[in-house]
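Chemist: Can you keep this structure in mind? I'll have questions shortly.
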Amino acid sequence: MPLFSLRGVSKEFLSQNGMPVAALEDVNLDVEEGEFLCLVGRSGCGKTTLLRILAGLERQSTGQAAFDGAMIAGCDPRRGMVFQDARLFLWRNVAANVAFGLEVNGTPKRERQRLSEHYMELVGLKEFATAYPYELSGGMRQRVSLARVLATNPRVILMDEPFAALDALTRNHLQEELLRLVECERKTVVFVTHSADEAAFLADRIAVFSRRPRGIGRVLDVPMPKPRRRESPESSALKQKIFDLIADYD
Amino acid sequence: MMQPLVAPIVILAAWAIASQLELFPTYIVPSLPLVLGAFRDLVQSGEIFHHIVASLARVGGGILLGIVVGVPMGFAIGWFRGMERSFEPMLHVLRQIPPIAWIPFALVWFKGGIGSAMFVVFIGAFFPILVNTMMGVRGASQGLIEVGYTMGCSQRQLLTKIVLPASVPFVFSGIRISMGIGWACVVAAEFFGYKYGLGALISSSYQVLRMDRMIVGMAFIGLVGLGMDKLFRSLETRVFKWKGQ
């Protein structure tokens, strides 16, 4: 049984003048446990809306969205989310940010400290345990955000363009680290990006979004083994294919 | 380093010269030596400290009351939609009324005791504290609340772990604004029937045309007000060290 199962999912928003606007039309998708799925497309094509429906932050207008065999109704800590802006709690230091979800679910203090330290170490921020977010670079903040989600041990991590605001070097580095972390923690990941490069480097499968209708146009399997080289003939071909698909949809 | 002193020195020098030349009668602009004399008398006799302490006590009481009422109300109105709809429009009308317009009622209701001046300060302090707290609760960015939801926060946890801490800086700046307004309010309130207080010093000096004593009172209003503001700001930087500089 797939971890996520979407059937005929659509989402409409009301525009300023009260007219309904389709943000997502008739999406059918299964996400298997353990896979790394990228949602790729231009901005405004509904990728983030779909991710927010998976998280439980939005509710679809029609259709069915199920997680682990049950309909999605609201958020669930088993589905962790990493946002584009790291959204750290500015009044908490790194250790306390990482421990946030553990406080929420009532983990005892000792255990909380142990886990918080473990995940800070995993993302390479152990020396910054007592630093506040304003003291960190953008890349470090996003690592804290990732550690905060990992610490609660979710089954899926939903990521909304988490590296889009970072410089290229930091982005590449964090992509590599993400793969390493997901590998050793055996997580399922649904990752939104507008970058074909990023998708070609990370994904086991890529859902390419179209604008008309707004939704998933085509799903590509990526059989290349990981870790991948960024500039191999296969990955270039894959990127070209993604570009072509996106261009076709315009 | 010395730059802040340039303007006051120039003004004092001009004043000293004008005094020397006796350009104005003393009830229009009292001479500098006269004012310095009044300053020495008020400080040496300790009278000025009675005035300062009286004013500070009324301001302190009024602001404390403003915090006790304004902060919980601000949270309630900021957090609950129903409260917002029932109270907010009225509050935005009420806050347009200058606290000084409440002085007559303050006198009648509290019989001119410490309560009257405190009430006027309270009115002045209440609205900035209330409005800032409301803004803080609403501004506790939707983004952080979404983080809370995805981590499985209950409503109570959202409030105590996210909205409350995120709004504390707003509450503090509301209190700082209210201190400035409260200080102005107390001086105005003390014009009416008080023996002690910096406002009382000014109004009683005015009645006997002792403009020299008035100026000393005014100078202390400025200095004590500045001192309160500085003190509070240093408290803020200590509490909010997570904000950086």
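Chain labels run A, B, ... following the order of the structure tokens; each chain numbers its residues from 1, and ligands are numbered from 1 in the order shown.
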For chain B, work out the contacting residues on chain A at 6 Å, counting only C-alpha atoms, and write them as a ChimeraX atom specification.

Modeler: /A:75-77,91,101,132

Chemist: Quick one: write out the picked residues with N, CA and C atoms as a CSV table (one decimal), in the first residue's frame?

Modeler:
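After the write, selection.csv holds the following:
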chain,number,residue,atom,x,y,z
A,75,CYS,N,-3.1,18.5,10.3
A,75,CYS,CA,-1.7,18.1,10.3
A,75,CYS,C,-1.5,16.9,11.2
A,76,ASP,N,-0.3,16.4,11.0
A,76,ASP,CA,0.0,15.2,11.8
A,76,ASP,C,1.6,15.2,11.9
A,77,PRO,N,2.1,15.1,13.1
A,77,PRO,CA,3.6,15.1,13.3
A,77,PRO,C,4.3,14.0,12.6
A,91,TRP,N,13.4,33.3,19.5
A,91,TRP,CA,13.7,33.4,20.9
A,91,TRP,C,14.3,32.1,21.5
A,101,GLY,N,9.7,20.2,18.7
A,101,GLY,CA,8.7,19.1,18.5
A,101,GLY,C,8.6,18.1,19.6
A,132,TYR,N,21.8,31.8,18.8
A,132,TYR,CA,20.4,32.2,18.5
A,132,TYR,C,20.3,32.3,16.9

Chemist: Please give the complete set of residues from stretch 43-249 of chain A that DSSP, run on the backbone, assigns to helix (DSSP H, G or I), formatted as a PyMOL selection string.

Modeler: chain A and resi 47-55+94-98+100-104+109-122+126-128+133-135+138-151+168-185+196-202+233-248

Chemist: With C-alpha atoms retained, export the selected residues as a compact mmCIF listing (two decimals), in the first residue's frame.

Modeler:
# COMPACT_ATOMS: atom_id res chain seq x y z
CA LYS A 47 3.25 22.37 -6.43
CA THR A 48 3.18 24.11 -3.09
CA THR A 49 -0.59 23.76 -2.84
CA LEU A 50 -0.23 20.02 -3.36
CA LEU A 51 2.49 19.82 -0.71
CA ARG A 52 0.32 21.76 1.74
CA ILE A 53 -2.53 19.35 1.12
CA LEU A 54 -0.18 16.45 1.88
CA ALA A 55 0.85 18.25 5.10
CA VAL A 94 19.56 26.12 18.24
CA ALA A 95 19.23 23.31 20.79
CA ALA A 96 15.81 24.54 21.91
CA ASN A 97 14.63 24.93 18.32
CA VAL A 98 15.62 21.36 17.55
CA PHE A 100 10.63 22.04 19.95
CA GLY A 101 8.68 19.13 18.49
CA LEU A 102 9.88 16.90 21.32
CA GLU A 103 8.49 19.34 23.89
CA VAL A 104 5.22 19.36 22.00
CA LYS A 109 13.63 16.15 29.31
CA ARG A 110 16.61 13.80 29.38
CA GLU A 111 15.57 12.13 26.15
CA ARG A 112 14.89 15.52 24.61
CA GLN A 113 18.40 16.68 25.31
CA ARG A 114 19.89 13.50 23.97
CA LEU A 115 17.89 13.63 20.74
CA SER A 116 18.47 17.33 20.27
CA GLU A 117 22.22 16.79 20.58
CA HIS A 118 22.11 13.81 18.27
CA TYR A 119 20.35 15.72 15.49
CA MET A 120 22.46 18.85 15.91
CA GLU A 121 25.47 16.61 15.43
CA LEU A 122 23.87 14.98 12.41
CA LYS A 126 26.74 20.84 17.55
CA GLU A 127 29.06 23.75 18.33
CA PHE A 128 26.18 26.16 17.73
CA PRO A 133 19.01 32.15 14.91
CA TYR A 134 20.10 35.73 14.22
CA GLU A 135 23.71 34.56 14.59
CA GLY A 138 20.85 31.07 5.81
CA GLY A 139 22.28 27.60 5.21
CA MET A 140 22.75 26.97 8.92
CA ARG A 141 19.20 28.05 9.65
CA GLN A 142 17.86 25.63 7.10
CA ARG A 143 19.90 22.87 8.74
CA VAL A 144 18.36 23.68 12.10
CA SER A 145 14.95 23.58 10.48
CA LEU A 146 15.74 20.14 9.05
CA ALA A 147 17.09 18.88 12.39
CA ARG A 148 13.96 20.18 14.12
CA VAL A 149 11.82 18.03 11.82
CA LEU A 150 14.08 14.96 11.94
CA ALA A 151 14.12 15.03 15.74
CA ALA A 168 24.73 27.75 -5.19
CA LEU A 169 27.62 26.31 -3.17
CA THR A 170 25.61 26.03 0.02
CA ARG A 171 22.71 24.58 -1.92
CA ASN A 172 24.83 21.82 -3.47
CA HIS A 173 26.34 21.02 -0.14
CA LEU A 174 22.97 20.80 1.61
CA GLN A 175 21.55 18.62 -1.19
CA GLU A 176 24.35 16.12 -0.57
CA GLU A 177 23.78 16.22 3.16
CA LEU A 178 20.06 15.78 2.73
CA LEU A 179 20.58 12.62 0.69
CA ARG A 180 22.95 11.26 3.30
CA LEU A 181 20.48 12.01 6.13
CA VAL A 182 17.47 10.61 4.33
CA GLU A 183 19.47 7.51 3.50
CA CYS A 184 20.51 6.76 7.06
CA GLU A 185 17.15 7.75 8.60
CA ALA A 196 15.57 20.77 -12.86
CA ASP A 197 19.16 20.41 -11.59
CA GLU A 198 18.01 19.88 -8.06
CA ALA A 199 15.39 17.33 -9.07
CA ALA A 200 17.86 15.42 -11.29
CA PHE A 201 20.31 15.21 -8.41
CA LEU A 202 17.88 14.20 -5.67
CA PRO A 233 25.28 12.46 -19.87
CA GLU A 234 22.32 10.74 -18.18
CA SER A 235 21.57 13.63 -15.89
CA SER A 236 21.92 16.13 -18.73
CA ALA A 237 19.45 14.12 -20.76
CA LEU A 238 17.07 14.00 -17.81
CA LYS A 239 17.29 17.75 -17.25
CA GLN A 240 16.65 18.35 -20.94
CA LYS A 241 13.59 16.16 -20.73
CA ILE A 242 12.28 18.12 -17.74
CA PHE A 243 12.85 21.43 -19.54
CA ASP A 244 11.09 20.14 -22.64
CA LEU A 245 8.10 18.96 -20.64
CA ILE A 246 7.79 22.27 -18.79
CA ALA A 247 8.10 24.18 -22.07
CA ASP A 248 5.44 21.99 -23.70

Chemist: Just the strand (DSSP E) stuff from stretch 36-106 of chain A, please, per backbone DSSP, written as an MDAnalysis selection string.

Modeler: chainID A and resid 36:40 62:67 70:71 79:82

Chemist: Would you mind exporting N, CA and C atoms of the selected residues as a compact mmCIF listing (two decimals), in the first residue's frame?

Modeler:
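Saved file out-v2.txt follows:
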# COMPACT_ATOMS: atom_id res chain seq x y z
N PHE A 36 12.09 9.14 -2.83
CA PHE A 36 12.36 10.58 -2.84
C PHE A 36 11.69 11.13 -4.09
N LEU A 37 10.57 11.82 -3.87
CA LEU A 37 9.77 12.34 -4.98
C LEU A 37 9.95 13.85 -5.08
N CYS A 38 10.29 14.32 -6.28
CA CYS A 38 10.36 15.77 -6.48
C CYS A 38 9.16 16.24 -7.26
N LEU A 39 8.59 17.37 -6.84
CA LEU A 39 7.54 18.02 -7.60
C LEU A 39 8.19 19.22 -8.29
N VAL A 40 8.21 19.20 -9.62
CA VAL A 40 8.92 20.23 -10.37
C VAL A 40 7.96 21.00 -11.26
N THR A 62 -12.07 19.02 -3.86
CA THR A 62 -12.72 17.75 -4.20
C THR A 62 -11.65 16.67 -4.26
N GLY A 63 -12.09 15.42 -4.28
CA GLY A 63 -11.16 14.30 -4.38
C GLY A 63 -10.75 13.79 -3.01
N GLN A 64 -9.89 12.76 -3.02
CA GLN A 64 -9.50 12.12 -1.77
C GLN A 64 -7.99 12.09 -1.62
N ALA A 65 -7.53 12.41 -0.42
CA ALA A 65 -6.11 12.37 -0.12
C ALA A 65 -5.93 11.52 1.12
N ALA A 66 -5.20 10.42 0.97
CA ALA A 66 -5.02 9.51 2.10
C ALA A 66 -3.54 9.38 2.44
N PHE A 67 -3.28 9.22 3.73
CA PHE A 67 -1.92 8.96 4.22
C PHE A 67 -1.98 7.71 5.06
N ALA A 70 -5.40 6.25 5.80
CA ALA A 70 -6.49 7.03 6.40
C ALA A 70 -6.57 8.39 5.71
N MET A 71 -7.79 8.93 5.61
CA MET A 71 -7.96 10.24 4.98
C MET A 71 -7.18 11.31 5.77
N ARG A 79 4.00 13.63 9.60
CA ARG A 79 4.36 14.27 8.32
C ARG A 79 5.03 15.60 8.64
N GLY A 80 6.35 15.59 8.67
CA GLY A 80 7.11 16.80 9.01
C GLY A 80 7.22 17.71 7.80
N MET A 81 7.38 19.02 8.08
CA MET A 81 7.46 19.96 6.96
C MET A 81 8.64 20.90 7.16
N VAL A 82 9.39 21.10 6.07
CA VAL A 82 10.47 22.09 6.06
C VAL A 82 10.07 23.17 5.07

Chemist: Can you pull out every residue within 7 Å of stretch 201-211 of chain B, counting only C-alpha atoms, but drop anything in the same chain fewer than 5 positions away, and send it as a ChimeraX atom specification?

Modeler: /B:27,30,191,196,217

Chemist: Would you save the residues from that selection as a PDB file, in the first residue's frame, using C-alpha atoms?

Modeler:
ATOM      1  CA  TYR B  27       7.949  86.797  34.037  1.00  0.00           C
ATOM      2  CA  PRO B  30      13.467  84.542  33.805  1.00  0.00           C
ATOM      3  CA  PHE B 191      -2.114  70.770  37.274  1.00  0.00           C
ATOM      4  CA  TYR B 196       3.286  67.562  45.084  1.00  0.00           C
ATOM      5  CA  GLY B 217      10.256  71.749  37.026  1.00  0.00           C
TER       6      GLY B 217
END

Chemist: Which residues come within 9 Å of stretch 74-91 of chain B, counting only C-alpha atoms, excluding same-chain residues fewer than 2 positions away, as a list of chain:residue names?

Modeler: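 These residues fall inside the cut-off: B:Val69, B:Gly70, B:Val71, B:Pro72, B:Val93, B:Leu94, B:Arg95, B:Gln96, B:Phe127, B:Ile129, B:Leu130, B:Val131, B:Asn132, B:Thr133, B:Met134, B:Met135, B:Gly136, B:Val137, B:Arg138, B:Leu159, B:Val163, B:Leu164.
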
Chemist: Give me, please, the distance in Å between atom CA of A:Gln60 and atom CA of A:Ser10, quoted to one decimal.

Modeler: 5.8 Å

Chemist: Pick from A:Phe83, A:Asn93, A:Phe13, A:Leu3: nearest to A:Leu136, with only C-alpha atoms counted?

Modeler: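 Ranking A:Phe83, A:Asn93, A:Phe13, A:Leu3 by distance to A:Leu136, first place goes to A:Asn93.
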
Chemist: Write out as an MDAnalysis selection string the residues lying within 8 Å of stretch 115-119 of chain B, counting only C-alpha atoms and excluding same-chain residues fewer than 2 positions away.

Modeler: chainID B and resid 58:59 61:62 103 106:107 109:113 121:123 185:186 189:190

Chemist: Figure out the distance between atom CA of B:Val216 and atom CA of B:Phe232, please, to one decimal in Å.

Modeler: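 Computing it gives 24.3 Å between the two atoms.
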